[in-house]
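A.B. asks: A single structure is presented below for examination.
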Amino acid sequence: ISRPPSEVIKKLMLLGIMATINQEIDFDSASMIAEEFGYIAIEDKENNHQEDFIVQEKEDKPEDLVKRPPVITVMGHVDHGKTSLLDAIRKTKITQKEAGGITQHIGAYMVNINGEKITFLDTPGHEAFTAMRSRGASITDIAVLVVAADDGVMPQTVEAINHAKAANVPIIVAINKIDKSTASPDKIKQELTEYGLIPEEWGGDTICVPVSAVTHEGIDNLLEMILLVAEMQELKANPNKRARGSVIEAKLEKGRGTVATLLVETGTIHIGDAIVAGTAHGRVRAMIDDKGKRIKKAGPSMPIEILGLSEVPVPGETFYVVKDDKLARNIAEKNKEVIRERQLNQTQKISLDDLFTKIKEGEVKEISVIIKADVQGSIEALKQSLERLSNDEVKIKIIHSGVGAISESDVMLASASNAIIVGFNVRPDNNAQNLAEKEKVDIRLYRVIYNAIEDMQDAMKGILEPEY
Ligand code: GDP
């Protein structure tokens with residue numbers, strides 16, 4: 001910050017910190033000093049893929065926090081009605097007048113239910129959810145799992161359940177297509193119990209709501225249940241500070257420049273604010289809400305479209321409103337360096353090779369594993385044997401398993417959850433292989449169950465032979 005040490009020491013003394021010139025101070029003190037000189041301190045969190053650079057935010061006082069709307073992602077198997085359900089909610093809950101006759105698709109929308117609001121992310125599916133998460137955005141508060149009542153729990157239903165669980169996001173089940181004569185909600189509930197989702201009416205704690213995206217039956221009930229679960233989560237944010245949030249979507253549009261959909265997580269964003277998102281920076285030139293209306297400011301959980309960024313940011317990237325243009329540009333420049341470095345020196349996710357060191361350093365207390373195999377029987381055998389290796393120091397947790405090749409979605413989940421993938425008599429497909437190399441996800445392939453168990457055991461003891 002180009003200030004002589006004597007000035008820094010003076011400021012420190014005024015803050016009650018008696019420091020000498022070669023004394024180390026902690027980040028909090030450093031950031032307070034930086035602020036005194038008109039800078040915002042950025043913490044360089046090494047090896048934290050999610051947030052390398054953080055614009056330091058003051059902690060919120062409890063009295064500054066107010067209730068905010070929940071943010072929902074809709075997940076489920078293909079053709080079970082995710083898109084139809086999102087459309088039905090939009091159609092029934094956003095009046096023509098509100099929407100000015102046109103419905104604006106900006107990647108997320110907000111509905112109003114008796115004065116309470118809910119935000120829906122408009123890109124359904126656990127792939128989008130986990131892709132966002134692997135880039136650092138954990139914006140979903142509740143997952144709505146859509147299961148077609150005339151079908152059943154399908155592979156992608158199970159994936160969705162595991163992806164939501166890995167992110168610790170509560171699940172509400174929407175049993176869809178109940179208008180069909182072949183619908184059998186009870187069969188769905190029965191099948192869900194096998195995956196740990198026990199319906200409330202059967203003594204569990206999973207809310208299941210029968211709905212039809214076609215007749216709109218049950219939709220109001222679903223929305224009420226969402227509000228109920230949100231109420232229990234006590235979602236809060238401080239609207240009275242500079243905004244921070246996530247990039248939902250972004251594109252370059254002719255005549256408008258960079259158009260980015262943002263979801264505000266905390267604070268309030270205003271027209272004219274200086275903003276940075278990864279390597280993109282700029283001023284908010286215009287702000288449009290999900291109803292196509294021009295607005296001047298937006299608070300927590302609100303999705304908005306903004307114009308004015310220097311380049312197209314990556315979805316999932318965190319955006320920050322900062323003091324001025326200069327700072328925004330500086331942070332963006334700094335982020336460019338970080339990305340360059342990261343590409344050169346991509347940090348390895350957890351791997352069997354360095355497991356022992358990480359356990360010893362206390363860095364790892366739980367090993368997340370994804371199992372893919374050719375038959376269900378092998379999955380069960382592997383699952384039980386691996387989980388049994390858990391000891392006092394470290395627990396082995398199977399976060400997802402399934403029959404079939406290792407897919408991109410598996411790798412994405414492993415990347416977002418820092419998990420190891422174990423394949424038994426299966427291989428990663430091409431895309432998964434490439435992604436695993438990029439994301440540095442450890443994939444271990446086996447043909448003998450015993451070898452998989454032995455490797456894990458050796459890795460935990462630190463005697464695993466390196467792979468060549
Ligand atoms: P997605 O792949 O999960 O997004 O599923 P879609 O929303 O595209 O729906 C797949 C098909 O199921 C479409 O032909 C829909 O019209 C139909 N569908 C969706 N919801 C319902 C429903 O509640 N009842 C009936 N009868 N059909 C539905």
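Chain identifiers are assigned as A, B, and so on, following the order in which chains appear in the structure tokens; residues are numbered from 1 within each chain, and ligands are numbered from 1 in order of appearance.
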If you count only C-alpha atoms, which residues fall within 9 Å of range 371-373 of chain A, apart from same-chain ones fewer than 5 positions away, as a VMD selection string?

C.D. replies: chain A and resid 378 to 379 382 to 383 398 to 406 410 420 to 427

A.B. asks: Can you tell me which residues surround range 128-131 of chain A at a distance of at most 10 Å, considering only C-alpha atoms, apart from same-chain residues fewer than 6 positions away, and format the answer as an MDAnalysis selection string?

C.D. replies: chainID A and resid 73:75 121 137:140 143 160 163:164 166:167 315:316 409:417

A.B. asks: Take the residues that were just selected and, keeping C-alpha atoms, output them as a short mmCIF file (atom, residue, chain, number, x, y, z; two decimals), in the first residue's frame.

C.D. replies:
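And here is the file that came out, part_33.cif:
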data_model
loop_
_atom_site.label_atom_id
_atom_site.label_comp_id
_atom_site.auth_asym_id
_atom_site.auth_seq_id
_atom_site.Cartn_x
_atom_site.Cartn_y
_atom_site.Cartn_z
CA THR A 73 -32.84 -25.89 -7.24
CA VAL A 74 -35.08 -28.45 -8.93
CA MET A 75 -33.49 -31.85 -9.55
CA LEU A 121 -32.84 -21.34 -10.15
CA ALA A 137 -21.04 -21.28 -5.26
CA SER A 138 -23.19 -22.96 -2.66
CA ILE A 139 -26.28 -20.92 -3.17
CA THR A 140 -29.03 -23.52 -3.01
CA ALA A 143 -33.44 -29.03 -3.37
CA ALA A 160 -29.65 -36.04 -7.42
CA HIS A 163 -25.46 -34.66 -4.88
CA ALA A 164 -27.87 -32.80 -2.58
CA ALA A 166 -23.08 -34.23 -0.33
CA ALA A 167 -23.84 -30.52 -0.24
CA PRO A 315 -21.02 -19.07 -13.75
CA GLY A 316 -20.43 -20.05 -10.14
CA SER A 409 -21.16 -35.90 -13.22
CA ASP A 410 -19.26 -38.29 -10.91
CA VAL A 411 -16.05 -36.34 -11.43
CA MET A 412 -17.82 -33.05 -10.82
CA LEU A 413 -19.24 -34.40 -7.57
CA ALA A 414 -15.81 -35.68 -6.55
CA SER A 415 -14.29 -32.30 -7.32
CA ALA A 416 -16.94 -30.37 -5.41
CA SER A 417 -16.84 -32.74 -2.43
#

A.B. asks: Can you pull out every residue with an atom within 7 Å of ligand 1? Use only C-alpha atoms and all ligand atoms and format it as JSON, numbers by chain.

C.D. replies: {"A": [76, 77, 78, 79, 80, 81, 82, 83, 84, 85, 176, 177, 178, 179, 180, 211, 212, 213, 214, 215]}

A.B. asks: So that I can see what lies close to range 16-27 of chain A, please list as a PyMOL selection string the residues with an atom at most 10 Å from it, counting only C-alpha atoms and leaving out residues fewer than 2 positions away in the same chain.

C.D. replies: chain A and resi 5-6+8-14+29-33+41-43+56

A.B. asks: Quick one: everything within 9 Å of range 91-93 of chain A, counting only C-alpha atoms, minus sequence neighbours fewer than 6 positions away in the same chain. Send it as a compact mmCIF listing (two decimals) with N, CA, C and O atoms, in the first residue's frame.

C.D. replies:
# COMPACT_ATOMS: atom_id res chain seq x y z
N THR A 103 -42.38 -12.92 -20.23
CA THR A 103 -41.59 -13.56 -19.18
C THR A 103 -40.15 -13.56 -19.62
O THR A 103 -39.80 -13.99 -20.70
N VAL A 111 -40.76 -15.82 -6.92
CA VAL A 111 -42.23 -15.76 -6.82
C VAL A 111 -42.61 -15.24 -5.44
O VAL A 111 -41.84 -15.31 -4.49
N ASN A 112 -43.84 -14.74 -5.38
CA ASN A 112 -44.35 -14.12 -4.18
C ASN A 112 -45.54 -14.92 -3.68
O ASN A 112 -46.50 -15.11 -4.42
N ILE A 113 -45.46 -15.45 -2.47
CA ILE A 113 -46.58 -16.22 -1.94
C ILE A 113 -47.03 -15.57 -0.64
O ILE A 113 -46.36 -15.67 0.37
N HIS A 216 -51.59 -28.33 -12.40
CA HIS A 216 -51.16 -27.40 -11.33
C HIS A 216 -51.64 -27.83 -9.95
O HIS A 216 -51.49 -27.08 -8.99
N ILE A 219 -49.36 -27.54 -6.43
CA ILE A 219 -48.23 -26.61 -6.53
C ILE A 219 -48.21 -25.63 -5.36
O ILE A 219 -47.16 -25.35 -4.78

A.B. asks: Find the residue from A:Asp374, A:Glu408, A:Arg90, A:Pro185 that sits nearest to Tyr446 in chain A; use only C-alpha atoms when measuring.

C.D. replies: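 The shortest atom-to-atom distance to Tyr446 in chain A comes from A:Asp374.
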
A.B. asks: Pick out the residues sitting within 7 Å of Met460 in chain A, and hand them over as a compact mmCIF listing (two decimals) with C-alpha atoms, in the first residue's frame; count only C-alpha atoms, and ignore anything fewer than 2 positions along from it in its own chain.

C.D. replies:
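Wrote around22.txt, looks like this:
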# COMPACT_ATOMS: atom_id res chain seq x y z
CA LEU A 355 -3.84 -39.39 2.25
CA PHE A 356 -1.61 -40.47 5.09
CA MET A 456 -7.21 -47.85 0.92
CA GLN A 457 -5.79 -49.57 3.98
CA ASP A 458 -2.21 -48.95 2.88
CA GLY A 462 1.02 -44.36 4.68

A.B. asks: Hey, what's within 9 Å of Ile288 in chain A if we count only C-alpha atoms and toss same-chain stuff fewer than 4 positions away? As a PyMOL selection string, please?

C.D. replies: chain A and resi 292-296+304-307

A.B. asks: Calculated over only C-alpha atoms, which of the candidates A:Glu393, A:Gly267, A:Lys189, A:Gln433 has the smallest distance to Ser407 in chain A?

C.D. replies: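 For Ser407 in chain A, the nearest of the candidates is A:Gln433.
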
A.B. asks: Could you tell me how far CA of Gly196 in chain A sits from CA of Pro170 in chain A, in Å to one decimal place?

C.D. replies: 12.3 Å

A.B. asks: Can you tell me, as a list in words, what residues are no more than 10 Å from Val229 in chain A when counting only C-alpha atoms, ignoring any on the same chain fewer than 3 positions away?

C.D. replies: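 The filter keeps Pro70, Asp141, Ile142, Pro170, Ile171, Ile172, Ile207, Glu224, Met225, Ile226, Met232, Gln233 and Glu234 of chain A.
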
A.B. asks: Counting only C-alpha atoms, figure out which residue out of A:Lys61, A:Lys291, A:His281, A:Arg3 gets nearest to Ile106 in chain A.

C.D. replies: A:Lys291

A.B. asks: Between A:Met154, A:Val209, A:Val276, A:Leu227, which is the closest to Gly115 in chain A once you count only C-alpha atoms?

C.D. replies: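 The closest residue to Gly115 in chain A is A:Leu227.
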
A.B. asks: Please indicate the distance in Å from CA of Val369 in chain A to CA of Leu197 in chain A, rounded to one decimal place.

C.D. replies: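 According to the coordinates, CA of Val369 in chain A and CA of Leu197 in chain A are separated by 20.7 Å.
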
A.B. asks: Based on DSSP run over this structure's backbone, return all residues of range 155-378 of chain A in helix (DSSP H, G or I), as a PyMOL selection string.

C.D. replies: chain A and resi 155-166+185-193+200-202+219-233+325-344+355-360+376-378

A.B. asks: Calculate how many Å separate CA of Val247 in chain A from CA of Leu262 in chain A, rounding to one decimal.

C.D. replies: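 Computed distance, CA of Val247 in chain A to CA of Leu262 in chain A, equals 4.6 Å.
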
A.B. asks: Which residue out of A:Glu454, A:Glu116, A:Glu439, A:Glu36 has the minimum interatomic distance to Leu223 in chain A when only C-alpha atoms are used?

C.D. replies: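 Between A:Glu454, A:Glu116, A:Glu439, A:Glu36, the residue approaching Leu223 in chain A most closely is A:Glu116.
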